[in-house]
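K.L.:
final_19.cif is the file, holding mmCIF, C-alpha atoms:
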data_protein
#
loop_
_atom_site.group_PDB
_atom_site.id
_atom_site.type_symbol
_atom_site.label_atom_id
_atom_site.label_comp_id
_atom_site.auth_asym_id
_atom_site.auth_seq_id
_atom_site.Cartn_x
_atom_site.Cartn_y
_atom_site.Cartn_z
ATOM 1 C CA MET A 1 -112.759 -85.686 115.403
ATOM 2 C CA ARG A 2 -114.982 -88.331 113.824
ATOM 3 C CA ILE A 3 -118.462 -88.172 115.342
ATOM 4 C CA VAL A 4 -121.051 -90.726 114.225
ATOM 5 C CA ILE A 5 -124.679 -89.603 114.452
ATOM 6 C CA ALA A 6 -127.463 -92.186 114.427
ATOM 7 C CA GLY A 7 -130.551 -90.506 113.014
ATOM 8 C CA GLY A 8 -128.349 -88.476 110.696
ATOM 9 C CA HIS A 9 -131.303 -87.278 108.629
ATOM 10 C CA GLY A 10 -133.438 -86.325 111.627
ATOM 11 C CA LYS A 11 -134.123 -82.737 112.574
ATOM 12 C CA ILE A 12 -131.571 -82.767 115.393
ATOM 13 C CA GLY A 13 -129.107 -84.989 113.529
ATOM 14 C CA LEU A 14 -128.898 -82.661 110.534
ATOM 15 C CA ARG A 15 -128.464 -79.618 112.759
ATOM 16 C CA LEU A 16 -125.665 -81.343 114.660
ATOM 17 C CA ALA A 17 -123.982 -82.474 111.443
ATOM 18 C CA GLN A 18 -124.089 -78.907 110.155
ATOM 19 C CA ARG A 19 -122.344 -77.689 113.301
ATOM 20 C CA LEU A 20 -119.715 -80.436 113.129
ATOM 21 C CA GLY A 21 -119.162 -80.354 109.361
ATOM 22 C CA LYS A 22 -116.272 -82.417 108.098
ATOM 23 C CA GLY A 23 -115.617 -85.305 110.452
ATOM 24 C CA ALA A 24 -119.268 -85.954 111.192
ATOM 25 C CA VAL A 25 -120.864 -89.154 109.894
ATOM 26 C CA GLY A 26 -124.639 -89.328 109.631
ATOM 27 C CA ILE A 27 -126.211 -92.799 109.643
ATOM 28 C CA VAL A 28 -129.305 -92.962 107.406
ATOM 29 C CA ARG A 29 -131.538 -95.827 106.282
ATOM 30 C CA ASP A 30 -132.718 -94.392 102.938
ATOM 31 C CA PRO A 31 -130.289 -93.752 100.040
ATOM 32 C CA ALA A 32 -132.316 -90.647 99.167
ATOM 33 C CA GLN A 33 -131.285 -89.095 102.492
ATOM 34 C CA VAL A 34 -127.526 -89.237 101.877
ATOM 35 C CA ALA A 35 -127.442 -86.043 99.798
ATOM 36 C CA ASP A 36 -129.100 -84.016 102.566
ATOM 37 C CA VAL A 37 -126.523 -85.217 105.089
ATOM 38 C CA GLU A 38 -123.633 -84.501 102.742
ATOM 39 C CA ALA A 39 -125.002 -81.000 102.077
ATOM 40 C CA THR A 40 -124.071 -80.180 105.698
ATOM 41 C CA GLY A 41 -120.442 -81.103 105.014
ATOM 42 C CA ALA A 42 -120.764 -84.438 106.810
ATOM 43 C CA GLU A 43 -120.467 -87.940 105.406
ATOM 44 C CA GLY A 44 -123.628 -89.981 104.890
ATOM 45 C CA VAL A 45 -123.532 -93.726 105.576
ATOM 46 C CA LEU A 46 -126.306 -96.191 104.814
ATOM 47 C CA CYS A 47 -127.194 -98.480 107.716
ATOM 48 C CA ASP A 48 -130.703 -99.462 108.786
ATOM 49 C CA LEU A 49 -130.510 -99.761 112.561
ATOM 50 C CA GLU A 50 -133.811 -101.649 112.663
ATOM 51 C CA ARG A 51 -132.386 -104.443 110.526
ATOM 52 C CA ALA A 52 -128.595 -104.327 110.862
ATOM 53 C CA GLY A 53 -126.556 -106.736 112.948
ATOM 54 C CA VAL A 54 -124.079 -105.582 115.552
ATOM 55 C CA GLU A 55 -121.108 -106.428 113.327
ATOM 56 C CA GLU A 56 -122.339 -104.088 110.583
ATOM 57 C CA VAL A 57 -122.875 -101.229 113.014
ATOM 58 C CA GLU A 58 -119.531 -101.882 114.681
ATOM 59 C CA GLY A 59 -117.886 -101.440 111.291
ATOM 60 C CA VAL A 60 -119.500 -98.016 110.885
ATOM 61 C CA LEU A 61 -118.346 -96.927 114.346
ATOM 62 C CA ARG A 62 -114.799 -98.228 114.247
ATOM 63 C CA GLY A 63 -112.297 -95.374 114.449
ATOM 64 C CA ALA A 64 -114.860 -92.840 115.702
ATOM 65 C CA ASP A 65 -114.152 -90.528 118.633
ATOM 66 C CA ALA A 66 -117.772 -90.400 119.802
ATOM 67 C CA VAL A 67 -121.280 -91.571 118.980
ATOM 68 C CA VAL A 68 -124.557 -89.641 119.247
ATOM 69 C CA PHE A 69 -127.906 -91.414 119.283
ATOM 70 C CA ALA A 70 -130.350 -88.908 117.792
ATOM 71 C CA ALA A 71 -132.659 -91.383 116.078
ATOM 72 C CA GLY A 72 -136.363 -91.807 116.687
ATOM 73 C CA ALA A 73 -139.341 -93.464 115.093
ATOM 74 C CA GLY A 74 -140.886 -90.027 114.609
ATOM 75 C CA PRO A 75 -144.438 -88.665 114.579
ATOM 76 C CA GLY A 76 -147.050 -90.929 113.079
ATOM 77 C CA SER A 77 -145.228 -94.148 113.930
ATOM 78 C CA GLY A 78 -146.957 -96.775 116.030
ATOM 79 C CA ALA A 79 -146.026 -98.435 119.285
ATOM 80 C CA ALA A 80 -144.082 -101.219 117.560
ATOM 81 C CA ARG A 81 -141.616 -98.818 115.946
ATOM 82 C CA LYS A 82 -141.157 -96.921 119.189
ATOM 83 C CA ASP A 83 -139.686 -100.172 120.498
ATOM 84 C CA THR A 84 -137.602 -101.093 117.452
ATOM 85 C CA VAL A 85 -136.120 -97.597 116.997
ATOM 86 C CA ASP A 86 -136.228 -95.681 120.285
ATOM 87 C CA ARG A 87 -135.176 -98.728 122.295
ATOM 88 C CA GLY A 88 -133.837 -101.392 119.925
ATOM 89 C CA ALA A 89 -131.691 -99.152 117.730
ATOM 90 C CA ALA A 90 -130.284 -97.358 120.776
ATOM 91 C CA VAL A 91 -129.322 -100.655 122.423
ATOM 92 C CA LEU A 92 -127.748 -101.907 119.196
ATOM 93 C CA LEU A 93 -125.719 -98.716 118.787
ATOM 94 C CA ALA A 94 -124.441 -98.857 122.362
ATOM 95 C CA GLN A 95 -123.480 -102.507 121.984
ATOM 96 C CA ALA A 96 -121.633 -101.727 118.764
ATOM 97 C CA ALA A 97 -119.845 -98.791 120.409
ATOM 98 C CA GLU A 98 -118.544 -101.071 123.147
ATOM 99 C CA ARG A 99 -117.293 -103.574 120.590
ATOM 100 C CA ALA A 100 -115.686 -100.846 118.467
ATOM 101 C CA GLY A 101 -113.963 -99.284 121.489
ATOM 102 C CA VAL A 102 -115.760 -95.923 121.153
ATOM 103 C CA ARG A 103 -116.255 -94.799 124.727
ATOM 104 C CA ARG A 104 -117.972 -91.394 124.394
ATOM 105 C CA PHE A 105 -121.703 -91.845 123.821
ATOM 106 C CA ILE A 106 -124.376 -89.143 123.915
ATOM 107 C CA GLN A 107 -127.971 -90.392 123.967
ATOM 108 C CA ILE A 108 -130.864 -88.055 123.220
ATOM 109 C CA SER A 109 -133.795 -89.337 125.236
ATOM 110 C CA SER A 110 -136.926 -87.478 126.341
ATOM 111 C CA MET A 111 -138.205 -85.635 129.352
ATOM 112 C CA GLY A 112 -140.531 -88.066 131.112
ATOM 113 C CA ALA A 113 -138.222 -91.028 130.655
ATOM 114 C CA GLY A 114 -137.252 -92.805 133.836
ATOM 115 C CA LYS A 115 -140.804 -92.654 135.197
ATOM 116 C CA PRO A 116 -143.864 -94.801 134.472
ATOM 117 C CA PRO A 117 -146.095 -93.286 131.765
ATOM 118 C CA ALA A 118 -148.985 -91.307 133.204
ATOM 119 C CA PRO A 119 -152.113 -93.437 133.669
ATOM 120 C CA GLY A 120 -154.602 -92.857 130.892
ATOM 121 C CA SER A 121 -152.046 -91.399 128.494
ATOM 122 C CA ASP A 122 -152.020 -92.315 124.823
ATOM 123 C CA GLU A 123 -150.860 -95.868 124.040
ATOM 124 C CA VAL A 124 -148.216 -94.709 121.577
ATOM 125 C CA TRP A 125 -146.879 -92.145 124.063
ATOM 126 C CA GLN A 126 -146.674 -94.851 126.706
ATOM 127 C CA ALA A 127 -144.726 -97.052 124.287
ATOM 128 C CA TYR A 128 -142.405 -94.145 123.482
ATOM 129 C CA ILE A 129 -141.599 -93.298 127.100
ATOM 130 C CA THR A 130 -141.168 -96.975 127.970
ATOM 131 C CA ALA A 131 -138.770 -97.415 125.038
ATOM 132 C CA LYS A 132 -136.728 -94.360 126.048
ATOM 133 C CA THR A 133 -136.574 -95.539 129.671
ATOM 134 C CA GLU A 134 -135.427 -99.026 128.699
ATOM 135 C CA ALA A 135 -132.789 -97.596 126.345
ATOM 136 C CA GLU A 136 -131.470 -95.411 129.159
ATOM 137 C CA ASP A 137 -131.366 -98.336 131.570
ATOM 138 C CA ASP A 138 -129.421 -100.433 129.070
ATOM 139 C CA LEU A 139 -126.902 -97.650 128.445
ATOM 140 C CA ARG A 140 -126.251 -97.074 132.152
ATOM 141 C CA GLY A 141 -125.180 -100.713 132.482
ATOM 142 C CA ARG A 142 -122.508 -100.442 129.792
ATOM 143 C CA ASP A 143 -118.814 -99.654 130.063
ATOM 144 C CA LEU A 144 -119.092 -96.381 128.147
ATOM 145 C CA ASP A 145 -118.607 -92.704 128.957
ATOM 146 C CA TRP A 146 -122.273 -92.005 128.353
ATOM 147 C CA THR A 147 -124.306 -88.860 128.848
ATOM 148 C CA ILE A 148 -128.104 -88.887 128.570
ATOM 149 C CA VAL A 149 -129.973 -85.735 127.525
ATOM 150 C CA ARG A 150 -133.736 -85.504 128.069
ATOM 151 C CA PRO A 151 -135.091 -82.539 126.091
ATOM 152 C CA GLY A 152 -138.498 -81.078 126.733
ATOM 153 C CA ARG A 153 -141.006 -80.479 123.945
ATOM 154 C CA LEU A 154 -139.032 -79.970 120.729
ATOM 155 C CA THR A 155 -139.710 -76.997 118.445
ATOM 156 C CA ASP A 156 -138.360 -75.756 115.116
ATOM 157 C CA GLU A 157 -138.034 -72.165 116.302
ATOM 158 C CA PRO A 158 -134.591 -70.567 115.820
ATOM 159 C CA GLY A 159 -132.203 -71.389 118.612
ATOM 160 C CA THR A 160 -131.338 -68.762 121.184
ATOM 161 C CA GLY A 161 -128.245 -70.390 122.692
ATOM 162 C CA LEU A 162 -129.884 -69.976 126.104
ATOM 163 C CA VAL A 163 -130.891 -73.128 127.944
ATOM 164 C CA ARG A 164 -131.538 -74.750 131.277
ATOM 165 C CA LEU A 165 -129.656 -78.027 131.747
ATOM 166 C CA ALA A 166 -129.785 -79.902 135.054
ATOM 167 C CA PRO A 167 -130.611 -83.353 136.439
ATOM 168 C CA GLU A 168 -134.180 -82.126 136.878
ATOM 169 C CA VAL A 169 -135.896 -79.033 135.455
ATOM 170 C CA PRO A 170 -139.532 -77.893 135.182
ATOM 171 C CA PRO A 171 -141.382 -79.008 132.042
ATOM 172 C CA GLY A 172 -140.861 -76.775 129.026
ATOM 173 C CA SER A 173 -139.873 -76.615 125.387
ATOM 174 C CA ILE A 174 -136.540 -76.323 123.596
ATOM 175 C CA PRO A 175 -135.635 -75.480 119.974
ATOM 176 C CA ARG A 176 -133.928 -78.320 118.142
ATOM 177 C CA ASP A 177 -131.146 -75.845 117.258
ATOM 178 C CA ASP A 178 -130.335 -75.531 120.943
ATOM 179 C CA VAL A 179 -130.455 -79.284 121.529
ATOM 180 C CA ALA A 180 -127.810 -79.692 118.812
ATOM 181 C CA ALA A 181 -125.717 -76.941 120.405
ATOM 182 C CA VAL A 182 -125.888 -78.621 123.809
ATOM 183 C CA VAL A 183 -124.932 -82.016 122.374
ATOM 184 C CA LEU A 184 -121.925 -80.452 120.659
ATOM 185 C CA ALA A 185 -120.866 -78.809 123.929
ATOM 186 C CA LEU A 186 -121.299 -82.072 125.859
ATOM 187 C CA LEU A 187 -119.051 -83.890 123.399
ATOM 188 C CA GLU A 188 -116.292 -81.550 124.537
ATOM 189 C CA ALA A 189 -117.139 -81.842 128.255
ATOM 190 C CA PRO A 190 -115.820 -85.175 129.582
ATOM 191 C CA GLY A 191 -116.856 -84.206 133.104
ATOM 192 C CA THR A 192 -120.476 -84.827 132.105
ATOM 193 C CA ALA A 193 -119.895 -88.529 131.533
ATOM 194 C CA ARG A 194 -122.224 -90.959 133.321
ATOM 195 C CA ARG A 195 -124.746 -88.227 134.067
ATOM 196 C CA THR A 196 -128.351 -87.629 133.015
ATOM 197 C CA PHE A 197 -129.676 -84.141 132.258
ATOM 198 C CA GLU A 198 -133.039 -82.622 131.469
ATOM 199 C CA LEU A 199 -132.999 -79.760 128.978
ATOM 200 C CA VAL A 200 -135.367 -76.864 128.253
ATOM 201 C CA ALA A 201 -135.034 -73.273 127.102
ATOM 202 C CA GLY A 202 -133.587 -71.017 129.769
ATOM 203 C CA ASP A 203 -131.333 -68.048 130.370
ATOM 204 C CA THR A 204 -127.850 -69.603 130.561
ATOM 205 C CA PRO A 205 -125.564 -69.592 127.515
ATOM 206 C CA VAL A 206 -124.800 -73.127 126.382
ATOM 207 C CA ILE A 207 -121.034 -72.699 126.597
ATOM 208 C CA ASP A 208 -121.154 -71.189 130.093
ATOM 209 C CA LEU A 209 -123.538 -73.818 131.424
ATOM 210 C CA VAL A 210 -121.634 -76.844 130.162
ATOM 211 C CA ALA A 211 -118.346 -75.349 131.330
ATOM 212 C CA THR A 212 -119.622 -75.472 134.907
ATOM 213 C CA GLU A 213 -120.541 -79.153 134.749
#
Take the structure in the file and give it back as structure tokens.
P.N.:
Amino acid sequence: MRIVIAGGHGKIGLRLAQRLGKGAVGIVRDPAQVADVEATGAEGVLCDLERAGVEEVEGVLRGADAVVFAAGAGPGSGAARKDTVDRGAAVLLAQAAERAGVRRFIQISSMGAGKPPAPGSDEVWQAYITAKTEAEDDLRGRDLDWTIVRPGRLTDEPGTGLVRLAPEVPPGSIPRDDVAAVVLALLEAPGTARRTFELVAGDTPVIDLVATE
């Protein structure tokens, strides 16, 4: 299978590429990041989703079996980049997937999306949640077999393979290792298409949980 990962050099993207190995394609915007992607066994492709046109992105996606949006503006970025990456790049990727005929689309969003930001919360956090919500809304209107995953607070602790995945779960954290494992399982679970899940650490093995969906 050829799986294209937007945010191929991100902490989740690299973990997913390592699990997929050959056949994975990591989209990066910096030539210096290609070697890190290729060290996982995946292919690195240069494409700046903040500046690319839909035709360029469509060319990257053509022939793929699935697309994963794992990109994000990242810590330290301002409100403007939350919009251009967390919303704009996601919308561009979904549009390109439609044009390229790639139906399976996994979007990594965030717990808290789908609701108005809490009054009094940080301006950048408000921009982030608004961007994630608008990206989700755009994706739901497209003719794709999408699945949206809303992880809780992300950590770099080793994964346990034990998670809680449901339309709504209590707030919590989740290792990035386990987010990558869940995304991989969802790629192989077509019954999860057109559904939105929240994800935190739990006590259910990833394989068993996704198999019941």
K.L.:
Written as a PyMOL selection string, what is the full residue list that the PyMOL selection byres ((chain A and resi 117) around 6) yields on the file shown?
P.N.:
chain A and resi 116+118+126
K.L.:
Taking the file as I've supplied it (selection: the PyMOL selection byres ((chain A and resi 159) around 6)), which residues are included? Please answer as a PyMOL selection string.
P.N.:
chain A and resi 158+160-161+175+177-178
K.L.:
Apply the PyMOL selection byres ((chain A and resi 21-29) around 8) to the displayed file and report the matching residues as a VMD selection string.
P.N.:
chain A and resid 1 to 9 13 to 14 17 to 20 30 to 31 33 to 34 37 40 to 49
K.L.:
Using only C-alpha atoms, give me every residue within 9 Å of (-124.3, -88.5, 136.0) in file coordinates, as a PyMOL selection string.
P.N.:
chain A and resi 146-148+167+192-197
K.L.:
Take the selection from the previous step and output its residues with C-alpha atoms, as a PDB file, keeping the file's coordinate frame.
P.N.:
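File produced: selection_29.pdb:
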ATOM      1  CA  TRP A 146    -122.273 -92.005 128.353  1.00  0.00           C
ATOM      2  CA  THR A 147    -124.306 -88.860 128.848  1.00  0.00           C
ATOM      3  CA  ILE A 148    -128.104 -88.887 128.570  1.00  0.00           C
ATOM      4  CA  PRO A 167    -130.611 -83.353 136.439  1.00  0.00           C
ATOM      5  CA  THR A 192    -120.476 -84.827 132.105  1.00  0.00           C
ATOM      6  CA  ALA A 193    -119.895 -88.529 131.533  1.00  0.00           C
ATOM      7  CA  ARG A 194    -122.224 -90.959 133.321  1.00  0.00           C
ATOM      8  CA  ARG A 195    -124.746 -88.227 134.067  1.00  0.00           C
ATOM      9  CA  THR A 196    -128.351 -87.629 133.015  1.00  0.00           C
ATOM     10  CA  PHE A 197    -129.676 -84.141 132.258  1.00  0.00           C
TER      11      PHE A 197
END
K.L.:
In Å, how far is it from atom CA of A:Pro170 to atom CA of A:Asp122?
P.N.:
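Computed distance, atom CA of A:Pro170 to atom CA of A:Asp122, equals 21.7 Å.
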K.L.:
To one decimal place, how far is atom CA of A:Leu165 from atom CA of A:Pro205 in Å?
P.N.:
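Taking atom CA of A:Leu165 and atom CA of A:Pro205, their separation equals 10.3 Å.
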K.L.:
Can you pull out every residue within 10 Å of A:Pro171, counting all atoms listed in the file, but drop anything in the same chain fewer than 5 positions away, and send it as a list in words?
P.N.:
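Counting only the stated atoms, we get Met111, Gly112, Pro151, Gly152, Arg153, Glu198, Leu199, Val200 and Ala201 of chain A.
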K.L.:
Quick one: of A:Glu188, A:Glu55, A:Glu168, A:Glu157, who's nearest to A:Gly114, counting only C-alpha atoms?
P.N.:
A:Glu168
K.L.:
Here is a test: counting only C-alpha atoms, which residue of A:Leu154, A:Leu184, A:Ala64, A:Val54 is nearest to A:Val91?
P.N.:
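Closest to A:Val91, using only C-alpha atoms: A:Val54.
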K.L.:
Could you tell me how far atom CA of A:Arg51 sits from atom CA of A:Gly63, in Å to one decimal place?
P.N.:
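Separation between atom CA of A:Gly63 and atom CA of A:Arg51: 22.4 Å.
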K.L.:
Can you tell me which residues surround A:Val210 at a distance of at most 8 Å, considering all atoms listed in the file, apart from same-chain residues fewer than 5 positions away, and format the answer as a ChimeraX atom specification?
P.N.:
/A:182,185-186,189
K.L.:
Please produce a file of the residues just selected, as a PDB file, in the frame of the given file, where the atoms kept are C-alpha atoms.
P.N.:
ATOM      1  CA  VAL A 182    -125.888 -78.621 123.809  1.00  0.00           C
ATOM      2  CA  ALA A 185    -120.866 -78.809 123.929  1.00  0.00           C
ATOM      3  CA  LEU A 186    -121.299 -82.072 125.859  1.00  0.00           C
ATOM      4  CA  ALA A 189    -117.139 -81.842 128.255  1.00  0.00           C
TER       5      ALA A 189
END
K.L.:
So, counting all atoms listed in the file, which residue among A:Ala166, A:Ala90, A:Val57, A:Val68 is closest to A:Leu187?
P.N.:
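Checking each candidate against A:Leu187, we get A:Val68 as the closest.
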K.L.:
With distances taken over all atoms listed in the file, which of A:Ile108, A:Val85, A:Ala79, A:Ala97 is nearest to A:Arg142?
P.N.:
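Using all atoms listed in the file, A:Arg142 sits closest to A:Ala97.
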K.L.:
Taking all atoms listed in the file into account, name the residue in A:Leu162, A:Leu144, A:Leu92, A:Ala80 that is nearest to A:Ala131.
P.N.:
A:Ala80
K.L.:
Quick one: residues within 7 Å of A:Thr204, all atoms listed in the file counted, chain neighbours fewer than 2 positions away excluded, as a PyMOL selection string?
P.N.:
chain A and resi 162-164+202+206+208-209
K.L.:
Which is closer to A:Ser77 than all the others in A:Ala100, A:Ala127, A:Ala52, A:Ala94, using all atoms listed in the file?
P.N.:
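Of all the options, A:Ala127 lies closest to A:Ser77.
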